$ cat start16.pdb   # PDB, C-alpha atoms
MODEL        1
ATOM      1  CA  LEU O   1     119.387  20.536  86.828
ATOM      2  CA  PRO O   2     121.435  17.408  87.637
ATOM      3  CA  VAL O   3     120.353  15.793  84.358
ATOM      4  CA  VAL O   4     121.268  18.924  82.387
ATOM      5  CA  LEU O   5     124.655  19.130  84.108
ATOM      6  CA  LEU O   6     125.264  15.450  83.393
ATOM      7  CA  LEU O   7     124.424  15.934  79.717
ATOM      8  CA  LEU O   8     126.642  19.007  79.472
ATOM      9  CA  TRP O   9     129.460  17.020  81.084
ATOM     10  CA  LEU O  10     128.915  14.196  78.593
ATOM     11  CA  ILE O  11     129.349  16.436  75.559
ATOM     12  CA  ARG O  12     132.860  17.307  76.763
ATOM     13  CA  LYS O  13     133.941  13.664  76.550
ATOM     14  CA  PRO O  14     135.885  12.830  73.364
ATOM     15  CA  ALA O  15     133.983   9.555  72.984
ATOM     16  CA  MET O  16     130.699  11.487  72.787
ATOM     17  CA  ASP O  17     131.770  13.896  70.012
ATOM     18  CA  ARG O  18     129.608  12.008  67.559
ATOM     19  CA  TYR O  19     126.488  12.566  69.675
ATOM     20  CA  GLN O  20     127.265  16.099  70.850
ATOM     21  CA  GLN O  21     124.601  17.894  68.807
ATOM     22  CA  ALA O  22     121.885  15.380  69.658
ATOM     23  CA  ILE O  23     122.735  15.705  73.359
ATOM     24  CA  LEU O  24     122.563  19.501  73.072
ATOM     25  CA  LEU O  25     119.199  19.222  71.339
ATOM     26  CA  PHE O  26     117.741  16.955  74.023
ATOM     27  CA  THR O  27     119.220  19.114  76.786
ATOM     28  CA  THR O  28     117.576  22.218  75.338
ATOM     29  CA  LEU O  29     114.255  20.449  74.765
ATOM     30  CA  GLY O  30     114.371  18.870  78.229
ATOM     31  CA  GLY O  31     114.967  22.250  79.846
ATOM     32  CA  ALA O  32     112.110  23.766  77.859
ATOM     33  CA  ALA O  33     109.781  20.913  78.821
ATOM     34  CA  ALA O  34     110.708  21.288  82.480
ATOM     35  CA  PHE O  35     109.890  24.990  82.492
ATOM     36  CA  LEU O  36     106.640  24.444  80.583
ATOM     37  CA  LEU O  37     105.584  21.904  83.206
ATOM     38  CA  MET O  38     106.597  24.243  86.027
ATOM     39  CA  GLY O  39     104.544  27.000  84.438
ATOM     40  CA  TYR O  40     101.567  24.664  84.311
ATOM     41  CA  PHE O  41     101.807  23.344  87.867
ATOM     42  CA  VAL O  42     102.577  26.626  89.637
ATOM     43  CA  GLU O  43      99.263  28.123  90.658
ATOM     44  CA  SER O  44     100.598  31.609  91.145
ATOM     45  CA  PRO O  45     100.044  34.482  88.721
ATOM     46  CA  LEU O  46     103.834  34.532  88.496
ATOM     47  CA  GLY O  47     103.740  31.068  86.936
ATOM     48  CA  ARG O  48     103.916  32.628  83.505
ATOM     49  CA  MET O  49     107.472  33.720  84.304
ATOM     50  CA  TYR O  50     108.431  30.109  83.681
ATOM     51  CA  LEU O  51     107.298  30.581  80.090
ATOM     52  CA  ASP O  52     109.588  33.563  79.773
ATOM     53  CA  THR O  53     112.561  31.390  80.706
ATOM     54  CA  LEU O  54     112.037  29.585  77.404
ATOM     55  CA  ILE O  55     113.532  32.679  75.800
ATOM     56  CA  LEU O  56     116.707  32.235  77.835
ATOM     57  CA  ILE O  57     116.796  28.515  77.114
ATOM     58  CA  GLN O  58     116.651  29.183  73.390
ATOM     59  CA  LEU O  59     119.312  31.865  73.512
ATOM     60  CA  PHE O  60     121.591  29.708  75.656
ATOM     61  CA  GLY O  61     121.027  26.391  73.902
ATOM     62  CA  LEU O  62     121.155  27.639  70.337
ATOM     63  CA  THR O  63     123.834  30.306  70.462
ATOM     64  CA  LEU O  64     126.078  29.927  73.491
ATOM     65  CA  LEU O  65     126.344  26.150  73.207
ATOM     66  CA  ARG O  66     126.814  26.515  69.423
ATOM     67  CA  MET O  67     124.189  24.050  68.329
ATOM     68  CA  GLN O  68     124.365  23.244  64.610
ATOM     69  CA  PHE O  69     121.780  25.023  62.494
ATOM     70  CA  ALA O  70     119.730  21.943  61.551
ATOM     71  CA  TYR O  71     119.400  20.939  65.214
ATOM     72  CA  ALA O  72     118.654  24.548  66.150
ATOM     73  CA  VAL O  73     115.769  24.701  63.668
ATOM     74  CA  ALA O  74     114.340  21.482  65.100
ATOM     75  CA  SER O  75     114.707  22.863  68.618
ATOM     76  CA  VAL O  76     112.908  26.126  67.808
ATOM     77  CA  LEU O  77     110.087  24.327  66.020
ATOM     78  CA  VAL O  78     109.553  21.850  68.859
ATOM     79  CA  ILE O  79     109.721  24.522  71.578
ATOM     80  CA  THR O  80     107.314  26.815  69.713
ATOM     81  CA  ALA O  81     104.903  23.960  68.977
ATOM     82  CA  ALA O  82     105.055  22.689  72.571
ATOM     83  CA  THR O  83     104.475  26.177  73.944
ATOM     84  CA  THR O  84     101.525  26.702  71.599
ATOM     85  CA  ALA O  85     100.029  23.339  72.547
ATOM     86  CA  THR O  86     100.524  24.037  76.232
ATOM     87  CA  LEU O  87      98.878  27.439  75.989
ATOM     88  CA  VAL O  88      95.957  26.189  73.890
ATOM     89  CA  TRP O  89      95.132  22.869  75.515
ATOM     90  CA  LEU O  90      96.373  23.094  79.086
ATOM     91  CA  ARG O  91      95.022  26.570  79.812
ATOM     92  CA  LEU O  92      97.799  28.010  81.907
ATOM     93  CA  PRO O  93      96.883  30.494  84.645
ATOM     94  CA  GLY O  94      96.672  34.076  83.471
ATOM     95  CA  HIS O  95      94.963  36.126  80.837
ATOM     96  CA  PRO O  96      94.928  34.662  77.278
ATOM     97  CA  GLY O  97      96.256  37.974  75.920
ATOM     98  CA  GLU O  98      99.352  37.599  78.062
ATOM     99  CA  HIS O  99      99.856  34.109  76.697
ATOM    100  CA  VAL O 100      99.732  35.364  73.130
ATOM    101  CA  ILE O 101     102.401  37.938  73.986
ATOM    102  CA  ASP O 102     104.504  35.226  75.649
ATOM    103  CA  LEU O 103     104.163  33.006  72.592
ATOM    104  CA  MET O 104     105.161  35.865  70.295
ATOM    105  CA  LEU O 105     108.208  36.635  72.451
ATOM    106  CA  ILE O 106     109.255  32.978  72.542
ATOM    107  CA  THR O 107     108.847  32.703  68.770
ATOM    108  CA  PHE O 108     110.786  35.936  68.220
ATOM    109  CA  ALA O 109     113.579  34.746  70.531
ATOM    110  CA  GLY O 110     113.711  31.488  68.593
ATOM    111  CA  MET O 111     113.981  33.297  65.273
ATOM    112  CA  LEU O 112     116.603  35.667  66.650
ATOM    113  CA  SER O 113     118.568  32.698  67.997
ATOM    114  CA  LEU O 114     118.352  30.997  64.608
ATOM    115  CA  VAL O 115     119.737  34.064  62.849
ATOM    116  CA  ALA O 116     122.607  34.284  65.341
ATOM    117  CA  ASN O 117     123.187  30.549  65.067
ATOM    118  CA  TYR O 118     123.243  30.684  61.267
ATOM    119  CA  LEU O 119     125.694  33.598  61.238
ATOM    120  CA  MET O 120     128.004  31.878  63.725
ATOM    121  CA  GLU O 121     127.941  28.622  61.766
ATOM    122  CA  ARG O 122     128.562  30.418  58.471
ATOM    123  CA  SER O 123     131.463  32.292  60.026
ATOM    124  CA  ALA O 124     132.965  29.076  61.405
ATOM    125  CA  ARG O 125     132.651  27.384  58.008
ATOM    126  CA  SER O 126     134.209  30.373  56.262
ATOM    127  CA  ASP O 127     137.094  30.426  58.749
ATOM    128  CA  TYR O 128     137.656  26.709  58.194
ATOM    129  CA  LEU O 129     137.705  27.125  54.419
ATOM    130  CA  GLN O 130     140.099  30.087  54.672
ATOM    131  CA  GLN O 131     142.404  28.047  56.905
ATOM    132  CA  ARG O 132     142.386  25.106  54.471
ATOM    133  CA  LEU O 133     143.083  27.453  51.532
ATOM    134  CA  LEU O 134     145.980  28.977  53.448
ATOM    135  CA  GLU O 135     147.385  25.498  54.152
ATOM    136  CA  PHE O 136     147.150  24.546  50.460
ATOM    137  CA  ARG O 137     148.892  27.741  49.392
ATOM    138  CA  GLN O 138     151.615  27.217  51.981
ATOM    139  CA  GLN O 139     152.163  23.680  50.673
ATOM    140  CA  GLU O 140     152.389  24.994  47.088
ATOM    141  CA  LEU O 141     154.947  27.605  48.183
ATOM    142  CA  GLU O 142     157.058  24.963  49.915
ATOM    143  CA  GLU O 143     157.000  22.795  46.786
ATOM    144  CA  SER O 144     157.938  25.782  44.611
ATOM    145  CA  ASN O 145     160.783  26.718  46.953
ATOM    146  CA  SER O 146     162.058  23.154  46.904
ATOM    147  CA  HIS O 147     161.964  23.084  43.109
ATOM    148  CA  LEU O 148     163.717  26.479  42.836
ATOM    149  CA  GLU O 149     166.386  25.365  45.283
ATOM    150  CA  GLN O 150     166.976  22.232  43.208
ATOM    151  CA  LEU O 151     167.298  24.367  40.063
ATOM    152  CA  LEU O 152     169.685  26.713  41.859
ATOM    153  CA  ARG O 153     172.015  23.870  42.897
ATOM    154  CA  SER O 154     172.328  22.184  39.514
ATOM    155  CA  ASP O 155     173.643  23.162  36.132
ATOM    156  CA  ALA O 156     170.831  23.970  33.705
ATOM    157  CA  LEU O 157     172.544  22.357  30.710
ATOM    158  CA  THR O 158     173.959  19.169  32.187
ATOM    159  CA  GLY O 159     171.875  18.746  35.349
ATOM    160  CA  ILE O 160     175.078  18.070  37.319
ATOM    161  CA  ALA O 161     175.546  19.638  40.754
ATOM    162  CA  ASN O 162     177.225  23.035  40.550
ATOM    163  CA  ARG O 163     179.429  25.036  42.937
ATOM    164  CA  ARG O 164     176.432  26.245  45.018
ATOM    165  CA  CYS O 165     175.537  22.646  45.783
ATOM    166  CA  PHE O 166     179.054  21.929  47.029
ATOM    167  CA  ASP O 167     179.138  25.149  49.098
TER     168      ASP O 167
ENDMDL
END

$ encode --input "start16.pdb" --output "structure tokens"
Amino acid sequence: LPVVLLLLWLIRKPAMDRYQQAILLFTTLGGAAAFLLMGYFVESPLGRMYLDTLILIQLFGLTLLRMQFAYAVASVLVITAATTATLVWLRLPGHPGEHVIDLMLITFAGMLSLVANYLMERSARSDYLQQRLLEFRQQELEESNSHLEQLLRSDALTGIANRRCFD
């Protein structure tokens, strides 16, 4: 938890803007690894609850922290592969059927998080493009108004300032 809090504090620093997505990726993967290890070392039948927290980690890391889609895909692939490897090779306590269900839920949560992440990123990009288009149109209107005002204040035939200009 202290490492995760430190990393989340770091991404708020302006100097770390360049590394924000990589820090989010490693924070999410570190949290997932921690819970996988806890699930392995807890010798209680409730140890599989630690696997279920991977669902929350994916939802939180990918959607609420607004991880970019490319990093989110990498995160889901690594978490799913690590969970599969842990369940196959480390033989966590519990029935294998329960582990298959856990793996399916974790994979589904990852896919659901990716869809949400993609839609949020697409919406943010669309909003940015709409804002830029609005700024360009506003600039064009200002230039047109300036040109019309110049035409209004000068004589069309001679180009000399007219009465409106003096008023």

$ closest_residue --input "start16.pdb" --among "O:Leu51, O:Ile23, O:Ala34, O:Ala116" --to "Val73 in chain O" --atoms "all atoms listed in the file"
O:Ala116

$ resolve_selection --input "start16.pdb" --expression "the PyMOL selection byres ((chain O and resi 35) around 8)" --output "mmCIF file with C-alpha atoms, keeping the file's coordinate frame"
data_model
loop_
_atom_site.group_PDB
_atom_site.id
_atom_site.type_symbol
_atom_site.label_atom_id
_atom_site.label_comp_id
_atom_site.auth_asym_id
_atom_site.auth_seq_id
_atom_site.Cartn_x
_atom_site.Cartn_y
_atom_site.Cartn_z
ATOM 1 C CA GLY O 31 114.967 22.250 79.846
ATOM 2 C CA ALA O 32 112.110 23.766 77.859
ATOM 3 C CA ALA O 33 109.781 20.913 78.821
ATOM 4 C CA ALA O 34 110.708 21.288 82.480
ATOM 5 C CA LEU O 36 106.640 24.444 80.583
ATOM 6 C CA LEU O 37 105.584 21.904 83.206
ATOM 7 C CA MET O 38 106.597 24.243 86.027
ATOM 8 C CA GLY O 39 104.544 27.000 84.438
ATOM 9 C CA TYR O 50 108.431 30.109 83.681
ATOM 10 C CA LEU O 51 107.298 30.581 80.090
ATOM 11 C CA THR O 53 112.561 31.390 80.706
ATOM 12 C CA LEU O 54 112.037 29.585 77.404
#

$ residues_around --input "start16.pdb" --residues "Thr63 in chain O" --least-positions-apart "5" --cutoff "10 Å" --atoms "only C-alpha atoms" --output "PDB file with C-alpha atoms, keeping the file's coordinate frame"
ATOM      1  CA  ILE O  57     116.796  28.515  77.114  1.00  0.00           C
ATOM      2  CA  GLN O  58     116.651  29.183  73.390  1.00  0.00           C
ATOM      3  CA  GLN O  68     124.365  23.244  64.610  1.00  0.00           C
ATOM      4  CA  PHE O  69     121.780  25.023  62.494  1.00  0.00           C
ATOM      5  CA  ALA O  72     118.654  24.548  66.150  1.00  0.00           C
ATOM      6  CA  LEU O 112     116.603  35.667  66.650  1.00  0.00           C
ATOM      7  CA  SER O 113     118.568  32.698  67.997  1.00  0.00           C
ATOM      8  CA  LEU O 114     118.352  30.997  64.608  1.00  0.00           C
ATOM      9  CA  VAL O 115     119.737  34.064  62.849  1.00  0.00           C
ATOM     10  CA  ALA O 116     122.607  34.284  65.341  1.00  0.00           C
ATOM     11  CA  ASN O 117     123.187  30.549  65.067  1.00  0.00           C
ATOM     12  CA  TYR O 118     123.243  30.684  61.267  1.00  0.00           C
ATOM     13  CA  LEU O 119     125.694  33.598  61.238  1.00  0.00           C
ATOM     14  CA  MET O 120     128.004  31.878  63.725  1.00  0.00           C
ATOM     15  CA  GLU O 121     127.941  28.622  61.766  1.00  0.00           C
TER      16      GLU O 121
END

$ residues_around --input "start16.pdb" --residues "Gln150 in chain O" --least-positions-apart "3" --cutoff "12 Å" --atoms "only C-alpha atoms" --output "short mmCIF file (atom, residue, chain, number, x, y, z; two decimals) with C-alpha atoms, in the coordinates of the input"
data_model
loop_
_atom_site.label_atom_id
_atom_site.label_comp_id
_atom_site.auth_asym_id
_atom_site.auth_seq_id
_atom_site.Cartn_x
_atom_site.Cartn_y
_atom_site.Cartn_z
CA GLU O 143 157.00 22.80 46.79
CA SER O 144 157.94 25.78 44.61
CA ASN O 145 160.78 26.72 46.95
CA SER O 146 162.06 23.15 46.90
CA HIS O 147 161.96 23.08 43.11
CA ARG O 153 172.02 23.87 42.90
CA SER O 154 172.33 22.18 39.51
CA ASP O 155 173.64 23.16 36.13
CA ALA O 156 170.83 23.97 33.70
CA GLY O 159 171.88 18.75 35.35
CA ILE O 160 175.08 18.07 37.32
CA ALA O 161 175.55 19.64 40.75
CA ASN O 162 177.22 23.04 40.55
CA ARG O 164 176.43 26.24 45.02
CA CYS O 165 175.54 22.65 45.78
#

$ closest_residue --input "start16.pdb" --among "O:Arg132, O:Arg137, O:Arg163, O:Arg12" --to "Leu65 in chain O" --atoms "only C-alpha atoms"
O:Arg12

$ resolve_selection --input "start16.pdb" --expression "the PyMOL selection byres ((chain O and resi 75) around 9)" --output "list of chain:residue names"
O:Leu25, O:Phe26, O:Thr28, O:Leu29, O:Gln58, O:Gly61, O:Leu62, O:Ala70, O:Tyr71, O:Ala72, O:Val73, O:Ala74, O:Val76, O:Leu77, O:Val78, O:Ile79, O:Thr80, O:Gly110

$ atom_distance --input "start16.pdb" --atom1 "CA of Leu1 in chain O" --atom2 "CA of Ala22 in chain O"
18.1 Å

$ atom_distance --input "start16.pdb" --atom1 "CA of Tyr128 in chain O" --atom2 "CA of Ala109 in chain O"
28.2 Å

$ closest_residue --input "start16.pdb" --among "O:Gly97, O:Arg66, O:Val3, O:Leu59" --to "Gln20 in chain O" --atoms "only C-alpha atoms"
O:Arg66

$ atom_distance --input "start16.pdb" --atom1 "CA of Ala124 in chain O" --atom2 "CA of Leu105 in chain O"
28.1 Å

$ closest_residue --input "start16.pdb" --among "O:Ile55, O:Leu24, O:Val100, O:Ala85" --to "Met67 in chain O" --atoms "all atoms listed in the file"
O:Leu24

$ residues_around --input "start16.pdb" --residues "Val4 in chain O" --least-positions-apart "2" --cutoff "9 Å" --atoms "all atoms listed in the file" --output "compact mmCIF listing (two decimals) with C-alpha atoms, in the coordinates of the input"
# COMPACT_ATOMS: atom_id res chain seq x y z
CA LEU O 1 119.39 20.54 86.83
CA PRO O 2 121.44 17.41 87.64
CA LEU O 6 125.26 15.45 83.39
CA LEU O 7 124.42 15.93 79.72
CA LEU O 8 126.64 19.01 79.47
CA TRP O 9 129.46 17.02 81.08
CA THR O 27 119.22 19.11 76.79
CA THR O 28 117.58 22.22 75.34
CA GLY O 30 114.37 18.87 78.23
CA GLY O 31 114.97 22.25 79.85

$ resolve_selection --input "start16.pdb" --expression "the PyMOL selection byres ((chain O and resi 86-92) around 8)" --output "PDB file with C-alpha atoms, in the coordinates of the input"
ATOM      1  CA  LEU O  36     106.640  24.444  80.583  1.00  0.00           C
ATOM      2  CA  GLY O  39     104.544  27.000  84.438  1.00  0.00           C
ATOM      3  CA  TYR O  40     101.567  24.664  84.311  1.00  0.00           C
ATOM      4  CA  ARG O  48     103.916  32.628  83.505  1.00  0.00           C
ATOM      5  CA  ALA O  82     105.055  22.689  72.571  1.00  0.00           C
ATOM      6  CA  THR O  83     104.475  26.177  73.944  1.00  0.00           C
ATOM      7  CA  THR O  84     101.525  26.702  71.599  1.00  0.00           C
ATOM      8  CA  ALA O  85     100.029  23.339  72.547  1.00  0.00           C
ATOM      9  CA  PRO O  93      96.883  30.494  84.645  1.00  0.00           C
ATOM     10  CA  GLY O  94      96.672  34.076  83.471  1.00  0.00           C
ATOM     11  CA  HIS O  99      99.856  34.109  76.697  1.00  0.00           C
TER      12      HIS O  99
END

$ axis_aligned_box --input "start16.pdb" --around "range 103-114 of chain O" --padding-each-side "6 Å" --output "JSON"
{"center_x": 111.4, "center_y": 33.8, "center_z": 68.6, "size_x": 26.4, "size_y": 17.6, "size_z": 20.0}

$ decode --input "start16.pdb" --residues "range 11-28 of chain O" --atoms "N, CA, C and O atoms" --output "CSV table (one decimal), in the first residue's frame"
chain,number,residue,atom,x,y,z
O,11,ILE,N,2.4,10.4,-9.9
O,11,ILE,CA,1.7,10.8,-11.1
O,11,ILE,C,1.1,12.1,-11.1
O,11,ILE,O,0.7,12.7,-12.1
O,12,ARG,N,0.9,12.7,-9.9
O,12,ARG,CA,0.3,14.0,-9.8
O,12,ARG,C,1.3,15.1,-10.0
O,12,ARG,O,1.0,16.3,-10.2
O,13,LYS,N,2.6,14.8,-10.0
O,13,LYS,CA,3.7,15.8,-10.1
O,13,LYS,C,3.8,16.2,-11.6
O,13,LYS,O,3.8,15.3,-12.5
O,14,PRO,N,3.9,17.5,-11.9
O,14,PRO,CA,4.0,17.9,-13.3
O,14,PRO,C,5.2,17.3,-14.0
O,14,PRO,O,5.2,17.1,-15.2
O,15,ALA,N,6.3,17.1,-13.2
O,15,ALA,CA,7.5,16.6,-13.8
O,15,ALA,C,7.4,15.2,-14.3
O,15,ALA,O,8.1,14.7,-15.1
O,16,MET,N,6.4,14.5,-13.7
O,16,MET,CA,6.2,13.1,-14.1
O,16,MET,C,5.1,12.8,-15.1
O,16,MET,O,4.8,11.7,-15.3
O,17,ASP,N,4.6,13.9,-15.7
O,17,ASP,CA,3.5,13.7,-16.7
O,17,ASP,C,3.9,12.8,-17.8
O,17,ASP,O,3.1,12.0,-18.3
O,18,ARG,N,5.2,12.8,-18.2
O,18,ARG,CA,5.7,12.0,-19.3
O,18,ARG,C,5.6,10.5,-19.0
O,18,ARG,O,5.4,9.7,-19.8
O,19,TYR,N,5.8,10.2,-17.7
O,19,TYR,CA,5.8,8.8,-17.2
O,19,TYR,C,4.5,8.3,-16.6
O,19,TYR,O,4.4,7.3,-16.0
O,20,GLN,N,3.5,9.2,-16.6
O,20,GLN,CA,2.2,8.9,-15.9
O,20,GLN,C,1.6,7.5,-16.3
O,20,GLN,O,1.3,6.7,-15.4
O,21,GLN,N,1.5,7.2,-17.6
O,21,GLN,CA,0.9,6.0,-18.0
O,21,GLN,C,1.7,4.8,-17.6
O,21,GLN,O,1.2,3.7,-17.2
O,22,ALA,N,3.0,4.9,-17.7
O,22,ALA,CA,3.9,3.7,-17.3
O,22,ALA,C,3.8,3.5,-15.8
O,22,ALA,O,3.7,2.4,-15.3
O,23,ILE,N,3.7,4.6,-15.0
O,23,ILE,CA,3.6,4.4,-13.5
O,23,ILE,C,2.2,3.8,-13.2
O,23,ILE,O,2.1,2.9,-12.4
O,24,LEU,N,1.2,4.2,-13.9
O,24,LEU,CA,-0.2,3.6,-13.7
O,24,LEU,C,-0.1,2.1,-14.0
O,24,LEU,O,-0.7,1.3,-13.3
O,25,LEU,N,0.5,1.8,-15.1
O,25,LEU,CA,0.6,0.4,-15.5
O,25,LEU,C,1.4,-0.4,-14.4
O,25,LEU,O,0.9,-1.5,-14.0
O,26,PHE,N,2.5,0.0,-14.0
O,26,PHE,CA,3.3,-0.7,-13.0
O,26,PHE,C,2.5,-0.7,-11.6
O,26,PHE,O,2.6,-1.7,-10.9
O,27,THR,N,1.8,0.3,-11.3
O,27,THR,CA,1.0,0.3,-10.1
O,27,THR,C,-0.1,-0.8,-10.2
O,27,THR,O,-0.3,-1.5,-9.2
O,28,THR,N,-0.8,-0.8,-11.3
O,28,THR,CA,-1.8,-1.9,-11.5
O,28,THR,C,-1.2,-3.3,-11.4
O,28,THR,O,-1.8,-4.1,-10.8
